[in-house]
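The next block is data07.txt, given as compact mmCIF, C-alpha atoms (C1' of nucleotides).
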```txt
# COMPACT_ATOMS: atom_id res chain seq x y z
CA MET A 1 -58.34 -42.44 194.96
CA LYS A 2 -60.62 -45.37 194.69
CA SER A 3 -63.51 -43.51 193.13
CA SER A 4 -65.23 -40.17 193.14
CA ASN A 5 -68.20 -41.17 195.23
CA ASN A 6 -68.62 -39.54 198.59
CA ASN A 7 -68.99 -42.73 200.54
CA ASP A 8 -65.22 -42.96 200.60
CA ALA A 9 -64.15 -43.21 204.22
CA ARG A 10 -61.35 -40.73 203.58
CA TYR A 11 -63.80 -37.91 203.05
CA PHE A 12 -65.39 -37.75 206.44
CA SER A 13 -64.99 -34.59 208.46
CA ILE A 14 -62.42 -33.85 211.10
CA ASP A 15 -64.84 -35.13 213.73
CA LYS A 16 -64.09 -38.58 212.44
CA TYR A 17 -60.89 -38.54 214.46
CA SER A 18 -61.32 -38.96 218.17
CA CYS A 19 -57.64 -38.24 218.66
CA SER A 20 -55.26 -36.25 216.49
CA VAL A 21 -52.77 -39.10 216.61
CA GLU A 22 -55.28 -41.05 214.58
CA ALA A 23 -55.50 -38.28 211.99
CA THR A 24 -51.76 -38.29 211.40
CA ILE A 25 -51.71 -42.05 211.03
CA ASP A 26 -54.48 -41.72 208.49
CA VAL A 27 -52.16 -39.55 206.39
CA ILE A 28 -48.89 -41.45 206.70
CA GLY A 29 -50.14 -44.90 207.72
CA GLY A 30 -50.64 -47.90 205.53
CA LYS A 31 -47.97 -50.19 204.24
CA TRP A 32 -46.29 -47.81 201.80
CA LYS A 33 -47.04 -44.13 202.35
CA SER A 34 -44.40 -43.28 204.92
CA VAL A 35 -41.75 -45.04 202.86
CA ILE A 36 -42.77 -43.18 199.71
CA ILE A 37 -42.53 -39.89 201.59
CA TYR A 38 -39.17 -40.93 202.96
CA TYR A 39 -37.77 -41.45 199.48
CA LEU A 40 -39.15 -38.11 198.35
CA LEU A 41 -37.36 -36.29 201.18
CA ASP A 42 -34.23 -35.98 199.07
CA GLY A 43 -35.91 -34.74 195.94
CA LYS A 44 -38.35 -35.54 193.19
CA LYS A 45 -38.66 -39.02 191.80
CA ARG A 46 -40.27 -40.57 188.75
CA PHE A 47 -42.93 -43.26 188.93
CA ASN A 48 -40.74 -46.22 188.07
CA GLU A 49 -38.01 -44.90 190.30
CA LEU A 50 -40.38 -44.99 193.25
CA LYS A 51 -41.50 -48.42 192.19
CA ARG A 52 -37.96 -49.72 192.29
CA LEU A 53 -37.22 -48.07 195.63
CA ASN A 54 -40.37 -49.46 197.24
CA ASN A 55 -39.29 -52.99 196.76
CA GLY A 56 -42.25 -55.18 195.93
CA ILE A 57 -44.96 -52.57 195.54
CA THR A 58 -47.22 -53.16 192.57
CA GLN A 59 -48.05 -50.48 190.02
CA ARG A 60 -51.60 -50.44 191.18
CA MET A 61 -50.76 -49.88 194.84
CA LEU A 62 -48.13 -47.26 194.04
CA THR A 63 -50.65 -45.36 191.94
CA LEU A 64 -53.32 -45.53 194.63
CA GLN A 65 -50.99 -44.39 197.40
CA LEU A 66 -49.58 -41.54 195.30
CA ARG A 67 -53.09 -40.34 194.48
CA GLU A 68 -54.07 -40.29 198.14
CA LEU A 69 -50.91 -38.43 199.12
CA GLU A 70 -51.63 -35.98 196.33
CA ALA A 71 -55.22 -35.53 197.52
CA ASP A 72 -53.98 -34.78 201.03
CA GLY A 73 -51.65 -32.13 199.62
CA ILE A 74 -48.51 -33.97 200.68
CA ILE A 75 -47.04 -34.51 197.24
CA HIS A 76 -47.14 -32.77 193.88
CA ARG A 77 -47.54 -34.60 190.59
CA GLU A 78 -45.88 -32.96 187.60
CA VAL A 79 -46.77 -34.38 184.22
CA TYR A 80 -44.50 -33.64 181.26
CA ARG A 81 -46.25 -33.86 177.91
CA GLU A 82 -43.60 -35.94 176.23
CA VAL A 83 -43.33 -39.27 174.49
CA PRO A 84 -42.56 -41.45 176.29
CA PRO A 85 -44.47 -39.88 179.17
CA LYS A 86 -42.64 -38.52 182.17
CA VAL A 87 -44.15 -37.85 185.55
CA GLU A 88 -42.30 -36.51 188.54
CA TYR A 89 -43.46 -36.67 192.13
CA SER A 90 -42.19 -34.29 194.77
CA LEU A 91 -43.11 -33.16 198.26
CA THR A 92 -45.16 -30.00 198.54
CA GLU A 93 -44.27 -27.41 201.15
CA PHE A 94 -46.99 -28.91 203.26
CA GLY A 95 -45.48 -32.34 202.78
CA GLN A 96 -42.11 -31.04 203.89
CA GLU A 97 -43.63 -30.47 207.30
CA LEU A 98 -43.66 -34.22 207.69
CA ARG A 99 -39.88 -34.37 207.43
CA PRO A 100 -39.02 -34.50 211.15
CA LEU A 101 -41.74 -37.07 211.70
CA ILE A 102 -40.54 -39.36 208.90
CA LEU A 103 -36.93 -39.03 210.02
CA MET A 104 -37.98 -40.04 213.51
CA LEU A 105 -39.81 -43.08 212.14
CA LYS A 106 -36.65 -44.00 210.27
CA SER A 107 -34.44 -43.49 213.29
CA TRP A 108 -36.67 -45.46 215.66
CA GLY A 109 -36.81 -48.30 213.18
CA MET A 110 -33.05 -48.39 212.73
CA ASN A 111 -32.49 -48.55 216.46
CA ASN A 112 -35.26 -50.90 217.49
CA THR A 113 -36.42 -53.22 214.75
CA GLU A 114 -34.13 -56.05 215.78
CA LYS A 115 -35.46 -55.93 219.31
CA VAL A 116 -39.05 -56.00 218.06
CA ILE A 117 -38.34 -59.07 215.92
CA GLU A 118 -36.69 -60.73 218.91
CA ASN A 119 -39.63 -59.89 221.19
CA ARG A 120 -42.07 -61.31 218.69
CA SER A 121 -40.34 -64.63 218.42
CA LYS A 122 -39.99 -64.91 222.22
CA TYR A 123 -43.71 -64.21 222.58
CA THR A 124 -44.62 -66.79 219.97
CA ASN A 125 -42.50 -69.42 221.68
CA LYS A 126 -44.00 -68.61 225.07
CA LEU A 127 -47.44 -69.38 223.65
CA LYS A 128 -46.45 -72.92 222.76
CA MET J 1 -52.31 -62.44 217.85
CA LYS J 2 -54.44 -64.11 215.30
CA SER J 3 -53.10 -67.59 215.82
CA SER J 4 -49.97 -69.45 216.82
CA ASN J 5 -49.06 -70.68 213.38
CA ASN J 6 -45.86 -69.46 211.85
CA ASN J 7 -47.37 -68.30 208.61
CA ASP J 8 -48.33 -65.10 210.38
CA ALA J 9 -46.88 -62.25 208.36
CA ARG J 10 -45.74 -60.58 211.57
CA TYR J 11 -43.13 -63.25 212.15
CA PHE J 12 -40.93 -62.71 209.16
CA SER J 13 -37.36 -61.70 209.76
CA ILE J 14 -35.93 -58.21 209.74
CA ASP J 15 -35.14 -58.63 206.05
CA LYS J 16 -38.83 -58.29 205.43
CA TYR J 17 -38.41 -54.55 205.79
CA SER J 18 -36.75 -52.84 202.86
CA CYS J 19 -36.67 -49.61 204.84
CA SER J 20 -36.63 -49.06 208.59
CA VAL J 21 -39.45 -46.56 208.24
CA GLU J 22 -41.61 -49.50 207.22
CA ALA J 23 -40.61 -51.44 210.33
CA THR J 24 -41.69 -48.65 212.64
CA ILE J 25 -45.02 -48.33 210.87
CA ASP J 26 -45.50 -52.05 211.31
CA VAL J 27 -45.27 -51.54 215.08
CA ILE J 28 -47.36 -48.39 215.54
CA GLY J 29 -49.42 -48.43 212.35
CA GLY J 30 -52.94 -49.64 211.90
CA LYS J 31 -56.07 -47.87 212.87
CA TRP J 32 -55.72 -48.10 216.66
CA LYS J 33 -52.22 -48.88 217.92
CA SER J 34 -50.74 -45.42 218.04
CA VAL J 35 -53.81 -44.11 219.81
CA ILE J 36 -53.67 -46.90 222.38
CA ILE J 37 -50.02 -46.11 223.04
CA TYR J 38 -50.88 -42.44 223.31
CA TYR J 39 -53.40 -43.09 226.05
CA LEU J 40 -50.92 -45.29 227.90
CA LEU J 41 -48.31 -42.51 227.95
CA ASP J 42 -49.79 -41.08 231.13
CA GLY J 43 -50.03 -44.34 232.99
CA LYS J 44 -51.60 -47.77 233.13
CA LYS J 45 -55.15 -48.33 232.02
CA ARG J 46 -57.67 -51.10 232.36
CA PHE J 47 -59.27 -52.86 229.42
CA ASN J 48 -62.61 -51.10 229.50
CA GLU J 49 -60.94 -47.81 230.17
CA LEU J 50 -59.00 -48.18 226.91
CA LYS J 51 -62.17 -49.23 225.20
CA ARG J 52 -63.95 -46.06 226.27
CA LEU J 53 -60.98 -43.86 225.33
CA ASN J 54 -60.66 -45.42 221.87
CA ASN J 55 -64.07 -44.32 220.85
CA GLY J 56 -65.71 -46.95 218.70
CA ILE J 57 -63.17 -49.73 218.96
CA THR J 58 -64.72 -53.15 219.42
CA GLN J 59 -63.67 -55.58 222.15
CA ARG J 60 -62.30 -57.90 219.55
CA MET J 61 -60.11 -55.30 217.86
CA LEU J 62 -58.88 -53.89 221.17
CA THR J 63 -57.87 -57.37 222.27
CA LEU J 64 -56.07 -58.09 219.00
CA GLN J 65 -54.17 -54.81 219.01
CA LEU J 66 -53.18 -55.16 222.66
CA ARG J 67 -51.88 -58.67 222.03
CA GLU J 68 -49.74 -57.50 219.15
CA LEU J 69 -48.34 -54.60 221.13
CA GLU J 70 -47.60 -57.04 223.93
CA ALA J 71 -45.88 -59.42 221.52
CA ASP J 72 -43.70 -56.58 220.26
CA GLY J 73 -42.70 -55.75 223.83
CA ILE J 74 -44.34 -52.33 223.75
CA ILE J 75 -46.88 -52.90 226.51
CA HIS J 76 -47.14 -55.04 229.62
CA ARG J 77 -50.26 -56.92 230.60
CA GLU J 78 -50.78 -57.38 234.32
CA VAL J 79 -53.55 -59.77 235.34
CA TYR J 80 -54.93 -59.57 238.87
CA ARG J 81 -56.50 -62.81 240.06
CA GLU J 82 -59.63 -61.23 241.45
CA VAL J 83 -63.34 -61.51 240.98
CA PRO J 84 -64.39 -59.61 238.97
CA PRO J 85 -61.19 -59.84 236.93
CA LYS J 86 -58.88 -56.89 236.63
CA VAL J 87 -56.25 -56.41 233.95
CA GLU J 88 -53.98 -53.43 233.66
CA TYR J 89 -52.04 -52.42 230.59
CA SER J 90 -48.95 -50.26 230.77
CA LEU J 91 -46.03 -49.26 228.59
CA THR J 92 -42.84 -51.23 229.05
CA GLU J 93 -39.51 -49.41 229.19
CA PHE J 94 -39.11 -50.32 225.56
CA GLY J 95 -42.53 -48.91 224.81
CA GLN J 96 -41.58 -45.66 226.53
CA GLU J 97 -39.02 -45.14 223.79
CA LEU J 98 -41.94 -44.46 221.47
CA ARG J 99 -42.99 -41.45 223.54
CA PRO J 100 -41.34 -38.71 221.45
CA LEU J 101 -42.63 -40.32 218.29
CA ILE J 102 -46.22 -40.56 219.51
CA LEU J 103 -46.12 -37.01 220.82
CA MET J 104 -44.94 -35.85 217.41
CA LEU J 105 -47.79 -37.72 215.72
CA LYS J 106 -50.17 -35.99 218.10
CA SER J 107 -48.65 -32.59 217.52
CA TRP J 108 -48.61 -32.88 213.73
CA GLY J 109 -52.22 -34.00 213.76
CA MET J 110 -53.31 -31.10 215.95
CA ASN J 111 -51.63 -28.60 213.68
CA ASN J 112 -52.46 -30.03 210.28
CA THR J 113 -55.57 -32.18 210.24
CA GLU J 114 -57.85 -29.36 209.21
CA LYS J 115 -55.65 -28.55 206.25
CA VAL J 116 -55.62 -32.21 205.20
CA ILE J 117 -59.39 -32.39 205.30
CA GLU J 118 -59.58 -29.17 203.29
CA ASN J 119 -57.10 -30.48 200.71
CA ARG J 120 -59.06 -33.67 200.33
CA SER J 121 -62.31 -31.95 199.61
CA LYS J 122 -60.65 -29.57 197.13
CA TYR J 123 -59.12 -32.54 195.36
CA THR J 124 -62.43 -34.36 195.21
CA ASN J 125 -64.17 -31.35 193.74
CA LYS J 126 -61.43 -30.85 191.18
CA LEU J 127 -62.08 -34.37 189.90
CA LYS J 128 -65.69 -33.59 189.09
C1' DC G 1 -43.13 -44.74 180.74
C1' DA G 2 -46.85 -44.33 183.56
C1' DG G 3 -50.46 -45.71 184.18
C1' DG G 4 -55.91 -47.78 183.74
C1' DA G 5 -59.08 -51.78 183.99
C1' DT G 6 -60.26 -56.27 185.85
C1' DC G 7 -60.32 -59.90 188.70
C1' DC G 8 -59.18 -62.16 192.75
C1' DT G 9 -57.69 -63.28 197.59
C1' DA G 10 -56.36 -62.21 202.24
C1' DT G 11 -56.74 -59.48 205.95
C1' DC G 12 -59.12 -55.88 208.52
C1' DG G 13 -62.47 -54.86 211.30
C1' DG G 14 -67.48 -54.81 212.95
C1' DA G 15 -71.78 -57.26 215.15
C1' DT G 16 -73.40 -60.40 218.12
C1' DA G 17 -73.51 -63.99 221.48
C1' DC G 18 -71.34 -66.30 225.17
C1' DT G 19 -68.15 -67.09 229.59
C1' DG G 20 -64.63 -67.69 233.76
C1' DC Z 1 -64.66 -57.24 233.96
C1' DA Z 2 -62.14 -58.84 230.41
C1' DG Z 3 -62.23 -61.30 227.48
C1' DT Z 4 -63.51 -65.80 223.40
C1' DA Z 5 -65.88 -67.56 219.55
C1' DT Z 6 -68.21 -67.11 215.38
C1' DC Z 7 -69.91 -65.03 211.45
C1' DC Z 8 -69.83 -61.59 208.04
C1' DG Z 9 -69.05 -57.52 204.96
C1' DA Z 10 -65.58 -54.12 203.57
C1' DT Z 11 -61.19 -52.94 202.19
C1' DA Z 12 -56.28 -53.70 201.34
C1' DG Z 13 -53.49 -55.35 198.31
C1' DG Z 14 -51.69 -58.56 194.49
C1' DA Z 15 -51.65 -60.59 189.45
C1' DT Z 16 -52.45 -59.93 184.96
C1' DC Z 17 -53.57 -57.72 180.79
C1' DC Z 18 -54.10 -53.52 178.16
C1' DT Z 19 -52.94 -48.50 176.38
C1' DG Z 20 -51.89 -43.30 175.12
```

Encoding of this model in structure tokens:
Amino acid sequence: MKSSNNNDARYFSIDKYSCSVEATIDVIGGKWKSVIIYYLLDGKKRFNELKRLNNGITQRMLTLQLRELEADGIIHREVYREVPPKVEYSLTEFGQELRPLILMLKSWGMNNTEKVIENRSKYTNKLK
Amino acid sequence: MKSSNNNDARYFSIDKYSCSVEATIDVIGGKWKSVIIYYLLDGKKRFNELKRLNNGITQRMLTLQLRELEADGIIHREVYREVPPKVEYSLTEFGQELRPLILMLKSWGMNNTEKVIENRSKYTNKLK
DNA sequence: CAGGATCCTATCGGATACTG
DNA sequence: CAGTATCCGATAGGATCCTG
């Protein structure tokens, strides 16, 4: 979470969403969230583990995204009082309900990303 | 599209995506795209029609999002040479392949948005 | 190890005015 | 009607340094 003030756009009411598609995207959208959830589908992960899996994400962004997912009730954050510290992230039961959705995102991407890339370059060339 | 220069982040190769989930989100993510696609599921729509349906979207943003969806091969833009001008947007065959995904986004949102909102406010209060 | 705190830039996205 | 063009503030996101 960015801060605890109530101006945060994430804390508007349900009326904020004119379409429920938008609401779902608000939960799993953004550059990293759906990928984080994807990696949590097969079990809990530690902070640095997630950082390695999400190639290129910075500590700051990972922290922010994890906090938002936690706030939405999608993931659980378990802190072990040890030295050195150990924190494990896992999907909540509620978060598990995203499984079919995330798997479909994965599947669509595997089947169609190449075509998208190809379309984009064709379109760019057509503009010239 | 923002411009025709090749620095545009959208024109990186497939290697840009470390996970295919990320690639899919790049196509349907953002604040408006999935909603636009949702409204196109039941047939072609004109520009201002989409503008009205996407409550609050500005002309500028609608144009930008439509151009990107067109570049990715998701939608088709049909221009009628009339006065006043008439432009119709529709899903391509490729875009139709997103149907199950979009419907699942819609369905998840309908079933779970209230709980998300509730979780968020609980979380915020816990922080105080 | 798992972050918090700062600082900074780039992109997102809105407001307004104009046009073929 | 369906856009462009321009300006601007807000937010996303990265780099770096610090710490229990």

message: Quick check: residues of chain A within 9 Å of chain G, all atoms listed in the file, returned as an MDAnalysis selection string.
response: chainID A and resid 47:48 59:60 63 83:87

message: Using all atoms listed in the file and a distance of at most 6 Å, pull out the residues of chain A that contact chain J, as a PyMOL selection string.
response: chain A and resi 20-21+23-24+29+71-73+105-106+109-110+116+119-120+123

Can you list every residue of chain Z that has an atom at most 12 Å from chain J, with its nearest atom pair and the distance in Å to one decimal, using all atoms listed in the file, ordered by chain then number, as a tab-separated table?
```
residue	atom	partner	partner_atom	distance
Z:DC1	C1'	J:Pro85	CA	5.3
Z:DA2	C1'	J:Pro85	CA	6.7
Z:DG3	C1'	J:Thr63	CA	7.8
Z:DT4	C1'	J:Arg60	CA	8.9
Z:DA5	C1'	J:Arg60	CA	10.3
Z:DT6	C1'	J:Arg60	CA	11.7
Z:DA12	C1'	J:Gly30	CA	11.8
```

Writer output for current selection, C-alpha atoms (C1' of nucleotides), as a PDB file, in the frame of the given file:
```
ATOM      1  C1'  DC Z   1     -64.660 -57.240 233.960  1.00  0.00           C
ATOM      2  C1'  DA Z   2     -62.140 -58.840 230.410  1.00  0.00           C
ATOM      3  C1'  DG Z   3     -62.230 -61.300 227.480  1.00  0.00           C
ATOM      4  C1'  DT Z   4     -63.510 -65.800 223.400  1.00  0.00           C
ATOM      5  C1'  DA Z   5     -65.880 -67.560 219.550  1.00  0.00           C
ATOM      6  C1'  DT Z   6     -68.210 -67.110 215.380  1.00  0.00           C
ATOM      7  C1'  DA Z  12     -56.280 -53.700 201.340  1.00  0.00           C
TER       8       DA Z  12
END
```

statement: One decimal place gives the CA of Glu88 (chain J)-CA of Asp42 (chain J) separation as 13.3 Å

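Between CA of Leu50 (chain A) and C1' of DA10 (chain Z) there is a distance of 28.7 Å.
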
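Counting from CA of Thr58 (chain J), the distance to CA of Ile75 (chain J) is 19.2 Å.
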
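Distance check against His76 (chain J) using all atoms listed in the file: of J:Glu49, J:Met61, J:Tyr89, J:Leu40, the minimum falls on J:Tyr89.
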
If the box runs along x, y and z of the file and leaves 5 Å on each side of region 55-72 of chain A, what are its centre and edge lengths in Å, one decimal, as lines of an AutoDock Vina configuration file?
```
center_x = -47.3
center_y = -45.0
center_z = 195.5
size_x = 25.9
size_y = 30.4
size_z = 21.0
```
